file protein.tsv (TSV, C-alpha atoms and all ligand atoms)
chain	number	residue	atom	x	y	z
H	6	MET	CA	-0.50	19.46	-26.46
H	7	SER	CA	-2.26	16.20	-25.78
H	8	GLN	CA	-2.44	13.92	-22.78
H	9	ARG	CA	-3.47	10.34	-22.09
H	10	VAL	CA	-6.73	9.72	-20.20
H	11	VAL	CA	-8.40	6.40	-19.41
H	12	TYR	CA	-12.11	6.42	-20.29
H	13	LEU	CA	-14.71	4.05	-18.93
H	14	LEU	CA	-17.06	3.13	-21.79
H	15	GLY	CA	-19.30	0.54	-20.15
H	16	PRO	CA	-19.10	-2.57	-17.93
H	17	GLU	CA	-15.47	-3.76	-17.99
H	18	MET	CA	-14.66	-1.58	-20.99
H	19	LEU	CA	-11.76	0.84	-20.79
H	20	GLU	CA	-10.09	2.91	-23.49
H	21	LEU	CA	-6.87	4.91	-23.31
H	22	ARG	CA	-7.55	8.11	-25.26
H	23	HIS	CA	-5.34	10.94	-26.38
H	24	VAL	CA	-7.16	14.18	-25.71
H	25	PRO	CA	-6.11	17.84	-25.66
H	26	VAL	CA	-4.70	19.14	-22.37
H	27	PRO	CA	-7.31	21.57	-21.02
H	28	GLU	CA	-6.43	25.19	-20.22
H	29	PRO	CA	-7.50	26.31	-16.76
H	30	GLY	CA	-10.20	28.97	-16.87
H	31	PRO	CA	-10.74	31.65	-14.22
H	32	GLY	CA	-10.34	30.17	-10.72
H	33	GLU	CA	-9.29	26.76	-12.04
H	34	ILE	CA	-6.02	24.85	-11.79
H	35	LEU	CA	-4.46	22.12	-13.88
H	36	VAL	CA	-2.88	19.28	-11.89
H	37	ARG	CA	-0.26	16.88	-13.19
H	38	ILE	CA	-1.11	13.53	-11.56
H	39	GLU	CA	1.90	12.02	-9.77
H	40	ALA	CA	0.05	9.10	-8.20
H	41	ALA	CA	-3.51	7.81	-8.32
H	42	THR	CA	-4.59	4.91	-6.13
H	43	THR	CA	-7.23	2.37	-7.06
H	44	CYS	CA	-10.15	1.88	-4.74
H	45	GLY	CA	-13.03	-0.54	-4.21
H	46	THR	CA	-15.36	2.06	-5.71
H	47	ASP	CA	-13.28	2.10	-8.91
H	48	VAL	CA	-13.68	-1.68	-9.12
H	49	LYS	CA	-17.46	-1.33	-8.66
H	50	VAL	CA	-17.60	1.41	-11.28
H	51	PHE	CA	-15.47	-0.67	-13.69
H	52	ARG	CA	-17.69	-3.76	-13.32
H	53	ARG	CA	-21.03	-1.92	-13.46
H	54	GLY	CA	-19.95	0.58	-16.10
H	55	GLY	CA	-20.73	3.72	-14.09
H	56	HIS	CA	-22.09	4.94	-10.77
H	57	PRO	CA	-25.66	6.15	-10.04
H	58	ARG	CA	-24.40	9.26	-8.20
H	59	MET	CA	-21.04	10.03	-9.67
H	60	LEU	CA	-20.49	8.75	-13.20
H	61	LYS	CA	-22.24	8.40	-16.56
H	62	VAL	CA	-20.24	6.71	-19.36
H	63	PRO	CA	-18.24	7.47	-21.43
H	64	THR	CA	-16.23	9.18	-18.72
H	65	PRO	CA	-12.80	9.51	-17.18
H	66	PHE	CA	-12.70	8.05	-13.65
H	67	GLY	CA	-10.49	7.50	-10.61
H	68	HIS	CA	-10.80	9.79	-7.61
H	69	GLU	CA	-7.80	9.26	-5.29
H	70	LEU	CA	-4.89	11.37	-6.40
H	71	ALA	CA	-1.90	13.47	-5.53
H	72	GLY	CA	-0.19	15.78	-7.98
H	73	VAL	CA	1.57	18.99	-8.80
H	74	VAL	CA	-0.02	22.23	-9.98
H	75	ALA	CA	0.96	22.57	-13.65
H	76	ALA	CA	-0.97	25.74	-14.56
H	77	VAL	CA	-3.30	28.17	-12.84
H	78	GLY	CA	-6.20	30.20	-14.22
H	79	VAL	CA	-6.78	33.91	-13.76
H	80	GLY	CA	-7.70	34.89	-10.24
H	81	VAL	CA	-6.08	31.92	-8.47
H	82	SER	CA	-3.93	33.34	-5.68
H	83	ARG	CA	-3.62	30.43	-3.27
H	84	TRP	CA	-1.80	28.11	-5.66
H	85	LYS	CA	1.15	28.44	-7.96
H	86	VAL	CA	2.86	26.18	-10.47
H	87	GLY	CA	4.91	23.53	-8.65
H	88	ASP	CA	2.74	23.28	-5.53
H	89	ARG	CA	2.03	19.70	-4.49
H	90	VAL	CA	-1.65	19.10	-3.86
H	91	VAL	CA	-4.33	16.58	-3.03
H	92	VAL	CA	-7.72	17.33	-4.56
H	93	GLY	CA	-10.86	15.98	-2.91
H	94	ASN	CA	-13.35	14.26	-5.22
H	95	SER	CA	-16.31	16.33	-4.08
H	96	ALA	CA	-17.09	19.97	-3.38
H	97	PRO	CA	-20.09	21.20	-1.38
H	98	CYS	CA	-22.17	24.30	-2.26
H	99	HIS	CA	-21.92	25.94	1.23
H	100	ASP	CA	-25.38	27.31	0.58
H	101	CYS	CA	-27.90	24.56	1.31
H	102	ASP	CA	-29.46	23.47	4.58
H	103	TYR	CA	-27.10	20.47	4.91
H	104	CYS	CA	-24.01	22.60	4.35
H	105	HIS	CA	-25.26	25.09	6.95
H	106	ARG	CA	-25.53	22.22	9.42
H	107	GLY	CA	-21.94	21.19	8.72
H	108	ARG	CA	-23.04	18.06	6.87
H	109	GLU	CA	-21.41	18.93	3.57
H	110	ASN	CA	-21.21	15.27	2.54
H	111	LEU	CA	-25.02	15.39	2.25
H	112	CYS	CA	-24.97	18.67	0.29
H	113	ALA	CA	-28.01	19.01	-1.96
H	114	ASP	CA	-25.70	20.15	-4.76
H	115	LEU	CA	-22.55	18.14	-4.05
H	116	GLN	CA	-20.35	18.14	-7.14
H	117	TYR	CA	-18.05	15.22	-7.87
H	118	LEU	CA	-14.69	15.21	-9.61
H	119	ASN	CA	-13.37	12.16	-11.41
H	120	GLY	CA	-10.47	11.56	-13.75
H	121	ALA	CA	-7.46	10.64	-11.63
H	122	PHE	CA	-6.50	7.91	-14.13
H	123	ALA	CA	-4.97	10.44	-16.50
H	124	GLU	CA	-1.81	12.47	-16.92
H	125	MET	CA	-3.55	15.76	-16.14
H	126	LEU	CA	-6.72	16.82	-14.37
H	127	LEU	CA	-8.51	20.13	-14.67
H	128	VAL	CA	-9.79	21.15	-11.24
H	129	PRO	CA	-12.96	23.31	-11.32
H	130	ARG	CA	-13.14	26.46	-9.22
H	131	ARG	CA	-15.37	25.09	-6.48
H	132	PHE	CA	-12.86	22.28	-5.84
H	133	VAL	CA	-9.92	24.69	-5.94
H	134	ASP	CA	-11.62	26.90	-3.35
H	135	ARG	CA	-13.05	24.26	-1.04
H	136	ASN	CA	-11.30	20.92	-1.31
H	137	THR	CA	-7.71	21.28	-2.51
H	138	HIS	CA	-5.01	20.68	0.10
H	139	ARG	CA	-1.28	21.26	0.24
H	140	ILE	CA	0.86	18.12	0.64
H	141	PRO	CA	3.29	18.56	3.52
H	142	ASP	CA	6.96	18.39	2.52
H	143	GLY	CA	8.42	14.92	2.70
H	144	LEU	CA	5.11	13.10	2.25
H	145	ALA	CA	5.29	10.78	-0.78
H	146	SER	CA	2.60	11.27	-3.44
H	147	GLU	CA	1.39	7.68	-3.29
H	148	ILE	CA	0.74	8.01	0.46
H	149	ALA	CA	-0.87	11.44	0.04
H	150	SER	CA	-3.18	9.83	-2.52
H	151	LEU	CA	-4.72	7.87	0.37
H	152	THR	CA	-6.16	11.09	1.81
H	153	GLU	CA	-9.61	10.55	0.28
H	154	PRO	CA	-10.27	7.04	1.60
H	155	LEU	CA	-8.81	7.96	5.00
H	156	ALA	CA	-11.07	11.04	5.04
H	157	CYS	CA	-14.09	8.76	4.56
H	158	VAL	CA	-12.85	6.67	7.46
H	159	LEU	CA	-12.27	9.68	9.74
H	160	HIS	CA	-15.76	10.92	8.90
H	161	GLY	CA	-17.02	7.43	9.79
H	162	LEU	CA	-15.09	7.50	13.06
H	163	GLU	CA	-16.62	10.81	14.08
H	164	ALA	CA	-20.03	9.22	13.58
H	165	CYS	CA	-19.07	6.45	16.03
H	166	ASP	CA	-18.87	8.92	18.90
H	167	LEU	CA	-16.43	6.68	20.79
H	168	ILE	CA	-15.16	7.36	24.26
H	169	ARG	CA	-11.51	6.56	24.96
H	170	SER	CA	-10.28	2.95	24.75
H	171	SER	CA	-13.44	1.52	23.30
H	172	ASP	CA	-13.56	-2.05	22.10
H	173	VAL	CA	-14.34	-2.07	18.38
H	174	VAL	CA	-14.78	-4.80	15.78
H	175	VAL	CA	-14.21	-4.05	12.11
H	176	TYR	CA	-15.83	-6.39	9.60
H	177	GLY	CA	-13.85	-6.49	6.36
H	178	GLY	CA	-10.08	-6.27	5.83
H	179	GLY	CA	-10.14	-4.41	2.52
H	180	PRO	CA	-8.42	-1.02	2.28
H	181	ILE	CA	-11.26	0.79	4.09
H	182	GLY	CA	-11.44	-1.75	6.91
H	183	LEU	CA	-7.66	-1.60	7.27
H	184	LEU	CA	-7.67	2.21	7.35
H	185	PHE	CA	-10.30	1.95	10.09
H	186	VAL	CA	-7.94	-0.30	12.03
H	187	GLY	CA	-5.08	2.20	11.69
H	188	ALA	CA	-7.24	5.20	12.60
H	189	LEU	CA	-8.89	3.44	15.54
H	190	ARG	CA	-5.52	2.41	16.97
H	191	THR	CA	-4.18	5.91	16.49
H	192	ALA	CA	-7.14	7.17	18.53
H	193	GLY	CA	-6.29	4.70	21.31
H	194	HIS	CA	-9.05	2.13	20.81
H	195	SER	CA	-8.74	-1.61	20.92
H	196	VAL	CA	-9.56	-3.31	17.61
H	197	ALA	CA	-10.62	-6.74	16.42
H	198	LEU	CA	-10.56	-7.31	12.66
H	199	ALA	CA	-12.82	-9.96	11.11
H	200	ASP	CA	-12.15	-11.15	7.56
H	201	PRO	CA	-12.11	-14.44	5.61
H	202	ASN	CA	-8.62	-13.78	4.22
H	203	GLU	CA	-5.59	-14.58	6.38
H	204	GLY	CA	-3.32	-12.29	4.35
H	205	ARG	CA	-5.54	-9.32	5.08
H	206	LEU	CA	-5.72	-10.17	8.77
H	207	GLN	CA	-1.93	-10.12	8.76
H	208	VAL	CA	-1.88	-6.58	7.34
H	209	GLY	CA	-4.51	-5.70	9.95
H	210	ARG	CA	-2.21	-6.85	12.74
H	211	LYS	CA	0.56	-4.69	11.28
H	212	LEU	CA	-1.78	-1.71	11.41
H	213	GLY	CA	-2.63	-2.35	15.04
H	214	ALA	CA	-5.48	-4.86	15.25
H	215	ASP	CA	-4.86	-6.65	18.57
H	216	ARG	CA	-7.26	-9.48	17.66
H	217	SER	CA	-7.92	-10.97	14.25
H	218	VAL	CA	-10.82	-13.28	13.56
H	219	LEU	CA	-10.81	-15.56	10.53
H	220	ILE	CA	-14.45	-15.80	9.49
H	221	LEU	CA	-16.34	-17.53	6.69
H	222	ARG	CA	-17.59	-15.56	3.74
H	223	GLY	CA	-21.24	-14.48	3.63
H	224	GLY	CA	-22.40	-13.70	7.15
H	225	GLY	CA	-23.88	-15.63	10.08
H	226	GLN	CA	-20.65	-15.13	12.03
H	227	ALA	CA	-21.69	-12.74	14.80
H	228	ARG	CA	-21.74	-15.30	17.60
H	229	GLU	CA	-18.19	-16.44	16.78
H	230	VAL	CA	-16.92	-12.87	16.41
H	231	ARG	CA	-18.55	-11.73	19.68
H	232	ARG	CA	-16.46	-14.32	21.55
H	233	HIS	CA	-13.44	-12.10	20.84
H	234	ALA	CA	-14.94	-9.03	22.53
H	235	HIS	CA	-13.56	-7.89	25.89
H	236	ASP	CA	-17.09	-7.99	27.27
H	237	PRO	CA	-18.85	-11.32	26.56
H	238	ALA	CA	-21.99	-9.31	25.77
H	239	GLY	CA	-20.26	-7.79	22.75
H	240	PHE	CA	-18.27	-4.84	21.42
H	241	ASP	CA	-18.84	-1.15	22.13
H	242	CYS	CA	-18.94	-0.55	18.41
H	243	ALA	CA	-19.09	-2.64	15.25
H	244	ILE	CA	-18.13	-1.26	11.86
H	245	ASP	CA	-19.14	-2.83	8.57
H	246	ALA	CA	-16.57	-2.21	5.87
H	247	THR	CA	-17.87	-4.85	3.45
H	248	GLY	CA	-21.13	-3.59	1.94
H	249	VAL	CA	-22.52	-7.13	2.24
H	250	SER	CA	-26.04	-7.14	3.72
H	251	GLU	CA	-25.50	-10.35	5.74
H	252	VAL	CA	-22.47	-8.72	7.33
H	253	TRP	CA	-24.54	-5.63	8.18
H	254	SER	CA	-26.77	-7.98	10.19
H	255	ASP	CA	-23.70	-9.54	11.82
H	256	ALA	CA	-22.40	-6.11	12.77
H	257	ALA	CA	-25.77	-5.29	14.35
H	258	ASP	CA	-25.53	-8.53	16.36
H	259	SER	CA	-21.97	-7.89	17.55
H	260	VAL	CA	-22.41	-4.97	19.94
H	261	ARG	CA	-23.31	-5.00	23.61
H	262	PRO	CA	-26.19	-3.01	25.15
H	263	GLY	CA	-25.76	0.68	24.37
H	264	GLY	CA	-23.47	-0.17	21.46
H	265	LEU	CA	-23.23	1.55	18.11
H	266	VAL	CA	-23.25	-0.08	14.69
H	267	ASN	CA	-21.57	1.86	11.92
H	268	LEU	CA	-22.94	0.74	8.57
H	269	PHE	CA	-20.14	2.09	6.41
H	270	GLY	CA	-19.98	-0.28	3.43
H	271	GLY	CA	-22.53	0.61	0.74
H	272	CYS	CA	-24.72	-2.31	-0.39
H	273	ALA	CA	-26.28	-2.62	-3.86
H	274	PRO	CA	-29.40	-0.43	-4.39
H	275	GLY	CA	-32.61	-2.11	-3.19
H	276	THR	CA	-30.89	-4.24	-0.52
H	277	SER	CA	-32.74	-4.80	2.78
H	278	ILE	CA	-31.71	-6.44	6.03
H	279	SER	CA	-33.78	-7.84	8.89
H	280	LEU	CA	-33.14	-6.79	12.46
H	281	ASP	CA	-33.92	-8.16	15.89
H	282	THR	CA	-36.24	-5.30	16.97
H	283	TYR	CA	-36.38	-6.57	20.56
H	284	ARG	CA	-32.62	-6.22	20.90
H	285	ILE	CA	-32.46	-2.83	19.15
H	286	HIS	CA	-35.14	-1.48	21.51
H	287	TYR	CA	-34.29	-2.97	24.92
H	288	SER	CA	-30.53	-2.80	24.45
H	289	GLU	CA	-30.61	0.70	22.98
H	290	ILE	CA	-28.51	-0.20	19.95
H	291	THR	CA	-27.67	2.73	17.67
H	292	LEU	CA	-27.52	2.02	13.94
H	293	LYS	CA	-25.77	4.62	11.88
H	294	GLY	CA	-25.39	4.97	8.13
H	295	VAL	CA	-22.25	6.78	7.02
H	296	TYR	CA	-21.35	8.16	3.63
H	297	HIS	CA	-18.35	9.91	2.07
H	298	HIS	CA	-16.30	12.71	3.69
H	299	ARG	CA	-16.20	16.48	4.23
H	300	PRO	CA	-13.45	18.97	3.30
H	301	ARG	CA	-12.44	19.15	6.95
H	302	THR	CA	-11.94	15.40	7.21
H	303	MET	CA	-9.82	15.56	4.03
H	304	ALA	CA	-7.51	18.04	5.76
H	305	ARG	CA	-7.29	15.91	8.90
H	306	ALA	CA	-6.61	12.76	6.91
H	307	LEU	CA	-3.72	14.40	5.10
H	308	GLU	CA	-2.26	15.52	8.45
H	309	MET	CA	-2.58	12.01	9.84
H	310	LEU	CA	-0.76	10.53	6.84
H	311	ALA	CA	1.99	13.15	7.11
H	312	ALA	CA	2.42	12.29	10.79
H	313	ALA	CA	2.88	8.62	9.77
H	314	ALA	CA	0.47	7.69	12.55
H	315	PHE	CA	0.31	4.17	11.12
H	316	ASP	CA	1.91	2.18	8.31
H	317	ALA	CA	-0.31	3.33	5.41
H	318	ARG	CA	2.21	2.01	2.89
H	319	SER	CA	1.21	-1.55	3.70
H	320	LEU	CA	-2.05	-0.88	1.80
H	321	LEU	CA	-0.14	-0.33	-1.46
H	322	THR	CA	0.42	-3.71	-3.08
H	323	SER	CA	2.03	-2.65	-6.36
H	324	GLU	CA	2.61	0.14	-8.89
H	325	ARG	CA	1.57	0.19	-12.54
H	326	PRO	CA	1.59	2.63	-15.47
H	327	LEU	CA	-1.66	4.06	-16.86
H	328	GLU	CA	-1.95	1.49	-19.65
H	329	GLU	CA	-2.09	-1.29	-17.05
H	330	LEU	CA	-5.07	0.12	-15.17
H	331	GLU	CA	-7.27	-2.79	-16.22
H	332	LEU	CA	-4.71	-5.29	-14.88
H	333	ALA	CA	-4.61	-3.28	-11.66
H	334	LEU	CA	-8.40	-3.44	-11.27
H	335	ARG	CA	-8.43	-7.15	-12.10
H	336	SER	CA	-5.78	-7.82	-9.47
H	337	MET	CA	-8.10	-6.12	-6.98
H	338	ILE	CA	-11.05	-8.25	-8.10
H	339	GLN	CA	-8.86	-11.36	-7.61
H	340	LYS	CA	-8.01	-10.00	-4.14
H	341	GLU	CA	-4.31	-10.18	-5.01
H	342	ALA	CA	-4.01	-6.44	-4.44
H	343	LEU	CA	-5.32	-4.16	-1.71
H	344	LYS	CA	-4.57	-0.98	-3.64
H	345	VAL	CA	-2.48	-0.32	-6.73
H	346	VAL	CA	-0.60	2.92	-7.34
H	347	ILE	CA	-1.13	4.15	-10.90
H	348	ARG	CA	1.80	6.25	-12.17
H	349	PRO	CA	0.59	8.09	-15.29
H	350	TRP	CA	4.05	9.40	-16.15
H	351	HIS	CA	6.00	6.15	-15.85
D	401	ZN	ZN	-11.84	5.78	-2.94
D	402	ZN	ZN	-24.71	22.32	0.07

call {"tool": "encode", "arguments": {"input": "protein.tsv", "output": "structure tokens", "more": "lines below"}}
Ligand SMILES: [Zn+2]
Ligand SMILES: [Zn+2]
result
Amino acid sequence: MSQRVVYLLGPEMLELRHVPVPEPGPGEILVRIEAATTCGTDVKVFRRGGHPRMLKVPTPFGHELAGVVAAVGVGVSRWKVGDRVVVGNSAPCHDCDYCHRGRENLCADLQYLNGAFAEMLLVPRRFVDRNTHRIPDGLASEIASLTEPLACVLHGLEACDLIRSSDVVVYGGGPIGLLFVGALRTAGHSVALADPNEGRLQVGRKLGADRSVLILRGGGQAREVRRHAHDPAGFDCAIDATGVSEVWSDAADSVRPGGLVNLFGGCAPGTSISLDTYRIHYSEITLKGVYHHRPRTMARALEMLAAAAFDARSLLTSERPLEELELALRSMIQKEALKVVIRPWH
């Protein structure tokens, strides 16, 4: 039996290959992909031809998925054929200092799983044991596929340490910024969304942003954005969901004394920003870097999607079959699409 898998060969080079369907070994499961969603990271990986931490070409890729267990290896008792599952794209060792401290996203031996843009995915034992989750009945696969990005966002929210009804600004109305808006509203906070694209601000309002701020591209917008805060001194918390260094600086300049800046969007390696040290010191500004998710946040994200806490479907712009993955990624680069649902079996 063979299956179709999209391989990344280098910068902007994809190939649809026919490869044998793997047999699950002891402790492993084989998942038939029902829906895989495209993500900003996939676009980055597609353009750069790999990822320093996660991917060396030639390689299958894609990491947001929902599917059905198609076969189980010896010794798997928790899953059976037909179970609907979401598989996290990383699995911690549970043995290192970071894991012992509950910071599994920083695990010294964090393993990554890629290959959602395929008909089938073999899930290694560590992922089966530690980061595979049952999809609640009635939750559509394409929504369940959003578990991974929402898990990153929930992990990021925990890092914000917000008290109830905080005033938060989110920079960037891409899928991550929009998921932040939905999750912040669900937690009872008041949210301003800042983005240069009116269409994205509109989706943000649908997800619960009570203020939207149309900004210019490229930074230098903090003063204008701060005018929309409840307190003229600034927001309680500012979240960067752009990965643009100038916007990191804007986020740092958007909070009031005692505020927290969540630097969520990853910038290119080697990027630096300059900071007003006087303000950081005398106003006790907290700057926090945030990366990835933990198995527990995956579980919570899936629950939140099942509860339909916010309109996650508004992040899904279109659906395409596997052979149109490149068109899907290009539509994201053109900012025509927020996320595209890839349906390998259609
Ligand atoms: Zn993602
Ligand atoms: Zn570890």

call {"tool": "residues_near_ligand", "arguments": {"input": "protein.tsv", "ligand": "ligand ZN 402 (chain D)", "cutoff": "8 Å", "atoms": "all atoms listed in the file", "output": "list of chain:residue names"}}
result
H:Pro97, H:Cys98, H:His99, H:Asp100, H:Cys101, H:Asp102, H:Tyr103, H:Cys104, H:His105, H:Glu109, H:Leu111, H:Cys112, H:Ala113, H:Asp114, H:Leu115

call {"tool": "residues_around", "arguments": {"input": "protein.tsv", "residues": "range 205-215 of chain H", "least_positions_apart": "6", "cutoff": "8 Å", "atoms": "only C-alpha atoms", "output": "PyMOL selection string"}}
result
chain H and resi 178-179+183+186-187+190+195-199+315-317+319-320

call {"tool": "residues_near_ligand", "arguments": {"input": "protein.tsv", "ligand": "ligand ZN 401 (chain D)", "cutoff": "7 Å", "atoms": "all atoms listed in the file", "output": "PyMOL selection string"}}
result
chain H and resi 44-46+68-69+153-154

call {"tool": "write_last_selection", "arguments": {"input": "protein.tsv", "atoms": "C-alpha atoms", "output": "compact mmCIF listing (two decimals), keeping the file's coordinate frame"}}
result
# COMPACT_ATOMS: atom_id res chain seq x y z
CA CYS H 44 -10.15 1.88 -4.74
CA GLY H 45 -13.03 -0.54 -4.21
CA THR H 46 -15.36 2.06 -5.71
CA HIS H 68 -10.80 9.79 -7.61
CA GLU H 69 -7.80 9.26 -5.29
CA GLU H 153 -9.61 10.55 0.28
CA PRO H 154 -10.27 7.04 1.60

call {"tool": "residues_around", "arguments": {"input": "protein.tsv", "residues": "Leu292 in chain H", "least_positions_apart": "4", "cutoff": "9 Å", "atoms": "all atoms listed in the file", "output": "VMD selection string"}}
result
chain H and resid 257 264 to 268 285

call {"tool": "residues_near_point", "arguments": {"input": "protein.tsv", "point": "(-15.1, -10.0, 21.9)", "cutoff": "10 Å", "atoms": "only C-alpha atoms", "output": "VMD selection string"}}
result
chain H and resid 172 to 174 196 to 197 216 218 228 to 241 259 to 261

call {"tool": "residues_around", "arguments": {"input": "protein.tsv", "residues": "range 58-63 of chain H", "least_positions_apart": "4", "cutoff": "9 Å", "atoms": "all atoms listed in the file", "output": "list in words"}}
result
Tyr12, Leu13, Leu14, Gly15, Val50, Gly54, Gln116, Tyr117, Leu118 and Asn119 of chain H

call {"tool": "atom_distance", "arguments": {"input": "protein.tsv", "atom1": "CA of Val48 in chain H", "atom2": "CA of Pro326 in chain H"}}
result
17.1 Å

call {"tool": "atom_distance", "arguments": {"input": "protein.tsv", "atom1": "CA of Phe185 in chain H", "atom2": "CA of Ser171 in chain H"}}
result
13.6 Å

call {"tool": "atom_distance", "arguments": {"input": "protein.tsv", "atom1": "CA of Glu341 in chain H", "atom2": "CA of Arg53 in chain H"}}
result
20.5 Å

call {"tool": "residues_around", "arguments": {"input": "protein.tsv", "residues": "Asp245 in chain H", "least_positions_apart": "2", "cutoff": "9 Å", "atoms": "only C-alpha atoms", "output": "list in words"}}
result
Val174, Val175, Tyr176, Gly177, Gly182, Ala243, Thr247, Gly248, Val249, Val252, Trp253, Asp255, Ala256, Val266, Asn267, Leu268, Phe269 and Gly270 of chain H

call {"tool": "residues_around", "arguments": {"input": "protein.tsv", "residues": "Ser288 in chain H", "least_positions_apart": "5", "cutoff": "8 Å", "atoms": "only C-alpha atoms", "output": "list in words"}}
result
Arg261, Pro262, Gly263 and Tyr283 of chain H

call {"tool": "decode", "arguments": {"input": "protein.tsv", "residues": "range 305-318 of chain H", "atoms": "N, CA and C atoms", "output": "tab-separated table (two decimals), in the first residue's frame"}}
result
chain	number	residue	atom	x	y	z
H	305	ARG	N	-5.89	21.46	27.13
H	305	ARG	CA	-6.79	22.57	27.44
H	305	ARG	C	-7.30	23.26	26.18
H	306	ALA	N	-6.42	23.37	25.19
H	306	ALA	CA	-6.82	24.01	23.94
H	306	ALA	C	-7.93	23.21	23.25
H	307	LEU	N	-7.78	21.89	23.26
H	307	LEU	CA	-8.78	21.04	22.63
H	307	LEU	C	-10.13	21.19	23.35
H	308	GLU	N	-10.09	21.26	24.68
H	308	GLU	CA	-11.33	21.48	25.45
H	308	GLU	C	-11.97	22.81	25.09
H	309	MET	N	-11.15	23.83	24.96
H	309	MET	CA	-11.67	25.16	24.65
H	309	MET	C	-12.33	25.19	23.27
H	310	LEU	N	-11.73	24.50	22.31
H	310	LEU	CA	-12.31	24.43	20.97
H	310	LEU	C	-13.62	23.65	21.00
H	311	ALA	N	-13.65	22.57	21.78
H	311	ALA	CA	-14.87	21.75	21.87
H	311	ALA	C	-16.00	22.54	22.53
H	312	ALA	N	-15.64	23.43	23.45
H	312	ALA	CA	-16.65	24.24	24.14
H	312	ALA	C	-17.13	25.40	23.25
H	313	ALA	N	-16.52	25.54	22.06
H	313	ALA	CA	-16.85	26.65	21.15
H	313	ALA	C	-16.84	27.98	21.89
H	314	ALA	N	-15.79	28.19	22.66
H	314	ALA	CA	-15.66	29.41	23.47
H	314	ALA	C	-15.64	30.66	22.59
H	315	PHE	N	-15.12	30.52	21.39
H	315	PHE	CA	-15.12	31.63	20.43
H	315	PHE	C	-15.20	31.04	19.03
H	316	ASP	N	-15.40	31.91	18.04
H	316	ASP	CA	-15.66	31.46	16.68
H	316	ASP	C	-14.36	31.11	15.94
H	317	ALA	N	-13.78	29.96	16.27
H	317	ALA	CA	-12.49	29.56	15.69
H	317	ALA	C	-12.60	29.36	14.18
H	318	ARG	N	-13.80	29.03	13.71
H	318	ARG	CA	-13.96	28.77	12.28
H	318	ARG	C	-13.63	29.99	11.42
